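Chemist: Provided herewith: query.cif, mmCIF, C-alpha atoms.
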data_upload
loop_
_atom_site.label_atom_id
_atom_site.label_comp_id
_atom_site.auth_asym_id
_atom_site.auth_seq_id
_atom_site.Cartn_x
_atom_site.Cartn_y
_atom_site.Cartn_z
CA MET A 161 -54.36 109.20 72.90
CA GLY A 162 -54.34 108.63 69.17
CA TRP A 163 -53.57 111.41 66.70
CA ILE A 164 -52.80 114.09 69.29
CA GLY A 165 -50.39 111.84 71.20
CA GLU A 166 -48.60 110.90 67.98
CA SER A 167 -48.32 114.59 67.04
CA VAL A 168 -46.82 115.48 70.44
CA ASP A 169 -44.33 112.59 70.18
CA SER A 170 -43.49 113.70 66.65
CA ILE A 171 -42.77 117.27 67.84
CA LYS A 172 -40.58 116.00 70.71
CA SER A 173 -38.48 113.92 68.31
CA LEU A 174 -37.77 116.80 65.94
CA GLN A 175 -34.36 118.36 65.95
CA PHE A 176 -33.85 122.12 65.99
CA ARG A 177 -32.87 122.17 62.31
CA GLN A 178 -36.05 120.33 61.30
CA VAL A 179 -38.22 122.72 63.33
CA LEU A 180 -36.46 125.70 61.79
CA THR A 181 -37.00 124.27 58.29
CA GLN A 182 -40.72 123.76 59.00
CA VAL A 183 -41.13 127.28 60.41
CA VAL A 184 -39.39 128.77 57.37
CA SER A 185 -41.68 126.71 55.10
CA LEU A 186 -44.73 128.05 56.92
CA GLY A 187 -43.39 131.60 56.57
CA MET A 188 -42.89 131.07 52.84
CA ILE A 189 -46.47 129.83 52.44
CA ILE A 190 -47.83 132.90 54.23
CA THR A 191 -45.55 135.23 52.25
CA SER A 192 -46.61 133.60 48.97
CA ALA A 193 -50.28 134.13 49.83
CA LEU A 194 -49.64 137.81 50.58
CA ILE A 195 -47.70 138.26 47.32
CA ILE A 196 -50.53 136.65 45.34
CA TRP A 197 -53.06 138.95 47.06
CA LYS A 198 -50.99 142.07 46.28
CA GLY A 199 -50.55 140.89 42.68
CA LEU A 200 -54.32 140.49 42.34
CA MET A 201 -54.77 144.00 43.74
CA CYS A 202 -52.45 145.40 41.06
CA PHE A 203 -53.99 143.31 38.27
CA THR A 204 -57.63 144.12 39.11
CA GLY A 205 -57.13 147.72 40.21
CA SER A 206 -59.25 146.97 43.30
CA GLU A 207 -58.19 147.26 46.92
CA SER A 208 -60.07 144.01 47.55
CA PRO A 209 -60.13 141.79 44.45
CA VAL A 210 -62.29 139.13 46.12
CA VAL A 211 -65.25 139.65 48.49
CA VAL A 212 -67.83 137.40 50.11
CA VAL A 213 -71.55 138.21 49.94
CA LEU A 214 -72.59 138.47 53.61
CA SER A 215 -76.35 139.08 53.35
CA GLY A 216 -79.34 138.13 51.25
CA SER A 217 -79.86 141.63 49.86
CA MET A 218 -78.77 140.63 46.34
CA GLU A 219 -80.85 137.45 46.04
CA PRO A 220 -81.73 135.77 43.77
CA GLY A 221 -78.67 136.86 41.74
CA PHE A 222 -76.09 136.43 44.49
CA LYS A 223 -76.72 134.45 47.64
CA ARG A 224 -75.09 134.69 51.03
CA GLY A 225 -71.75 132.89 50.87
CA ASP A 226 -71.03 133.56 47.18
CA ILE A 227 -67.56 134.88 46.38
CA LEU A 228 -67.38 137.83 43.96
CA PHE A 229 -64.37 138.72 41.85
CA LEU A 230 -63.90 142.46 41.43
CA HIS A 231 -62.25 144.67 38.85
CA MET A 232 -61.95 148.44 38.90
CA SER A 233 -61.28 150.23 35.64
CA LYS A 234 -61.37 153.87 34.55
CA ASP A 235 -64.58 153.27 32.56
CA PRO A 236 -67.57 155.20 33.87
CA ILE A 237 -69.92 153.31 36.16
CA ARG A 238 -73.30 152.63 34.55
CA ALA A 239 -76.75 151.85 35.90
CA GLY A 240 -77.30 148.11 36.20
CA GLU A 241 -73.73 147.26 37.18
CA ILE A 242 -73.10 145.45 40.44
CA VAL A 243 -70.54 147.29 42.56
CA VAL A 244 -68.91 146.76 45.92
CA PHE A 245 -68.58 149.92 47.98
CA ASN A 246 -67.47 151.16 51.36
CA VAL A 247 -69.50 153.69 53.29
CA ASP A 248 -67.79 156.17 55.60
CA GLY A 249 -68.05 154.90 59.17
CA ARG A 250 -68.58 151.22 58.21
CA GLU A 251 -65.88 148.57 57.94
CA ILE A 252 -67.73 145.93 55.93
CA PRO A 253 -68.13 146.52 52.19
CA ILE A 254 -71.59 146.29 50.61
CA VAL A 255 -72.50 144.53 47.34
CA HIS A 256 -75.40 146.23 45.52
CA ARG A 257 -76.57 147.25 42.05
CA VAL A 258 -76.27 150.78 40.65
CA ILE A 259 -79.78 152.09 39.95
CA LYS A 260 -79.05 155.74 39.11
CA VAL A 261 -76.05 157.61 37.80
CA HIS A 262 -75.68 161.36 38.30
CA GLU A 263 -73.04 163.22 36.29
CA ARG A 264 -71.96 166.60 37.57
CA LYS A 265 -71.90 169.08 34.71
CA ASP A 266 -69.20 171.29 36.24
CA THR A 267 -66.61 168.58 37.02
CA GLY A 268 -67.74 165.61 34.92
CA GLU A 269 -67.54 163.37 38.00
CA VAL A 270 -70.09 160.60 38.30
CA ASP A 271 -72.05 159.89 41.47
CA VAL A 272 -74.15 156.75 41.85
CA LEU A 273 -77.15 155.53 43.83
CA THR A 274 -77.34 151.84 44.72
CA LYS A 275 -79.94 149.33 45.84
CA GLY A 276 -79.93 145.66 46.82
CA ASP A 277 -81.97 143.57 44.38
CA ASN A 278 -83.89 142.04 47.30
CA ASN A 279 -84.42 145.36 49.13
CA PHE A 280 -87.48 147.60 48.85
CA GLY A 281 -85.76 150.98 48.77
CA ASP A 282 -82.49 152.51 47.69
CA ASP A 283 -79.39 152.58 49.91
CA ARG A 284 -79.50 156.17 51.10
CA LEU A 285 -80.25 154.95 54.62
CA LEU A 286 -77.00 152.93 54.53
CA TYR A 287 -74.86 155.88 53.42
CA ALA A 288 -73.21 158.25 55.88
CA HIS A 289 -75.49 160.83 57.52
CA GLY A 290 -76.51 163.45 54.95
CA GLN A 291 -74.94 161.59 52.02
CA LEU A 292 -77.26 161.09 49.04
CA TRP A 293 -74.86 159.63 46.46
CA LEU A 294 -71.74 157.47 46.36
CA ASN A 295 -68.64 159.05 44.88
CA ARG A 296 -65.99 157.18 42.87
CA HIS A 297 -63.72 156.85 45.92
CA HIS A 298 -66.41 154.82 47.72
CA ILE A 299 -66.48 152.15 44.97
CA MET A 300 -64.06 149.26 45.57
CA GLY A 301 -64.80 147.49 42.30
CA ARG A 302 -67.30 146.01 39.86
CA ALA A 303 -68.37 142.38 40.07
CA VAL A 304 -66.99 140.49 37.07
CA GLY A 305 -67.52 136.90 38.21
CA PHE A 306 -68.54 134.75 41.15
CA LEU A 307 -68.20 131.33 42.78
CA PRO A 308 -71.36 130.14 44.51
CA TYR A 309 -71.26 129.06 48.17
CA VAL A 310 -67.43 128.99 48.51
CA GLY A 311 -67.48 132.00 50.84
CA TRP A 312 -69.37 130.07 53.52
CA VAL A 313 -66.00 129.04 54.93
CA THR A 314 -65.25 132.71 55.64
CA ILE A 315 -68.71 133.35 57.08
CA ILE A 316 -68.52 130.35 59.43
CA MET A 317 -65.03 131.31 60.64
CA THR A 318 -66.18 134.89 61.25
CA GLU A 319 -69.39 133.95 63.07
CA LYS A 320 -67.78 131.13 65.08
CA PRO A 321 -64.17 132.19 65.82
CA ILE A 322 -63.37 129.01 67.76
CA ILE A 323 -63.54 127.07 64.48
CA LYS A 324 -61.02 129.48 62.95
CA TYR A 325 -58.59 129.02 65.85
CA ILE A 326 -58.93 125.23 65.77
CA LEU A 327 -58.34 125.17 62.01
CA ILE A 328 -55.30 127.48 62.19
CA GLY A 329 -53.86 125.47 65.09
CA ALA A 330 -54.38 122.17 63.27
CA LEU A 331 -52.78 123.51 60.07
CA GLY A 332 -49.82 124.92 62.01
CA LEU A 333 -49.38 121.62 63.83
CA LEU A 334 -49.56 119.76 60.53
CA VAL A 335 -46.87 121.98 58.98
CA VAL A 336 -44.56 121.72 61.97
CA THR A 337 -44.89 117.93 62.33
CA ALA A 338 -44.77 117.11 58.60
CA LYS A 339 -41.81 114.96 57.60
CA ASP A 340 -39.82 115.88 54.50
#
Turn the structure described in the file into structure tokens.
Modeler:
Amino acid sequence: MGWIGESVDSIKSLQFRQVLTQVVSLGMIITSALIIWKGLMCFTGSESPVVVVLSGSMEPGFKRGDILFLHMSKDPIRAGEIVVFNVDGREIPIVHRVIKVHERKDTGEVDVLTKGDNNFGDDRLLYAHGQLWLNRHHIMGRAVGFLPYVGWVTIIMTEKPIIKYILIGALGLLVVTAKD
């Protein structure tokens, strides 16, 4: 049976105290990851400090599978900046470049119009029905850095969920059967 048989035998030979220790260790790993994520949210000022580029609309600058690091500051958004935004009615954030900035004279608020570098037209067709500009609350953050191709892991696990479940199961089994 090989590796699987050895893992099952290993689990059977564990005592309750060992299993409890392994489960607590797994819980601490998950908790640590969540604390790091929340810390990044506070540090960057963005609700999602890291995003994966999911389409080719920003090529050649950013390719599908690149990971972007975001930061959101109080500075006004300027044309040419790459922003990540949410549109009302859509769950998945969009990574595009600001092509126009519109400042309202009465309130001083800034609205922006975006476009993918590899797209022919602006993003008004992507916005909510009747919406012509993005407001500040739509913007999740500005791109301040990226890692090429690292996000493919996320894309593959999203497009083929069975791989995600196999990976999570294998990692859980590894944690539970690991000897101290």
Chemist: So how far away is atom CA of A:Lys198 from atom CA of A:Leu334, in Å?
Modeler: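 Interatomic distance here is 26.5 Å.
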Chemist: Please expand the PyMOL selection byres ((chain A and resi 215) around 10) into the concrete residues it hits in this file, giving the result as a list in words.
Modeler: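 Selected by the PyMOL selection byres ((chain A and resi 215) around 10) here: Val212, Val213, Leu214, Gly216, Ser217, Met218, Glu219, Phe222, Lys223, Arg224, Gly225, Asp226, Ile254, Val255 and Gly276 of chain A.
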Chemist: Using only C-alpha atoms, determine which residues lie at most 9 Å from stretch 288-298 of chain A, disregarding the query and same-chain residues fewer than 4 positions distant; provide the list as a list in words.
Modeler: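 Close residues of stretch 288-298 of chain A: Ile237, Val244, Phe245, Asn246, Val247, Asp248, Gly249, Arg250, Val261, His262, Glu269, Val270, Asp271, Val272, Leu273, Thr274, Asp283 and Arg284 of chain A.
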Chemist: So that I can check the surroundings of A:Met300, please list as a PDB file with C-alpha atoms, keeping the file's coordinate frame every protein, DNA and RNA residue that reaches within 9 Å of it, counting all atoms listed in the file and ignoring chain neighbours fewer than 5 positions away.
Modeler:
ATOM      1  CA  GLY A 205     -57.130 147.720  40.210  1.00  0.00           C
ATOM      2  CA  SER A 206     -59.250 146.970  43.300  1.00  0.00           C
ATOM      3  CA  GLU A 207     -58.190 147.260  46.920  1.00  0.00           C
ATOM      4  CA  SER A 208     -60.070 144.010  47.550  1.00  0.00           C
ATOM      5  CA  PRO A 209     -60.130 141.790  44.450  1.00  0.00           C
ATOM      6  CA  LEU A 230     -63.900 142.460  41.430  1.00  0.00           C
ATOM      7  CA  HIS A 231     -62.250 144.670  38.850  1.00  0.00           C
ATOM      8  CA  MET A 232     -61.950 148.440  38.900  1.00  0.00           C
ATOM      9  CA  VAL A 243     -70.540 147.290  42.560  1.00  0.00           C
ATOM     10  CA  VAL A 244     -68.910 146.760  45.920  1.00  0.00           C
ATOM     11  CA  PHE A 245     -68.580 149.920  47.980  1.00  0.00           C
ATOM     12  CA  ASN A 246     -67.470 151.160  51.360  1.00  0.00           C
ATOM     13  CA  PRO A 253     -68.130 146.520  52.190  1.00  0.00           C
TER      14      PRO A 253
END
Chemist: Could you jot down the atom CA of A:Gly332 to atom CA of A:Arg177 separation for me, Å, one decimal place?
Modeler: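 It comes out at 17.2 Å.
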Chemist: Go through A:Val211, A:Ala303, A:Leu186, A:Leu200 and flag the residue nearest A:Ile315, using all atoms listed in the file for the distances.
Modeler: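 Using all atoms listed in the file, the shortest distance to A:Ile315 belongs to A:Val211.
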Chemist: Could you check how far atom CA of A:Phe229 sits from atom CA of A:Thr204, in Å to one decimal?
Modeler: 9.1 Å
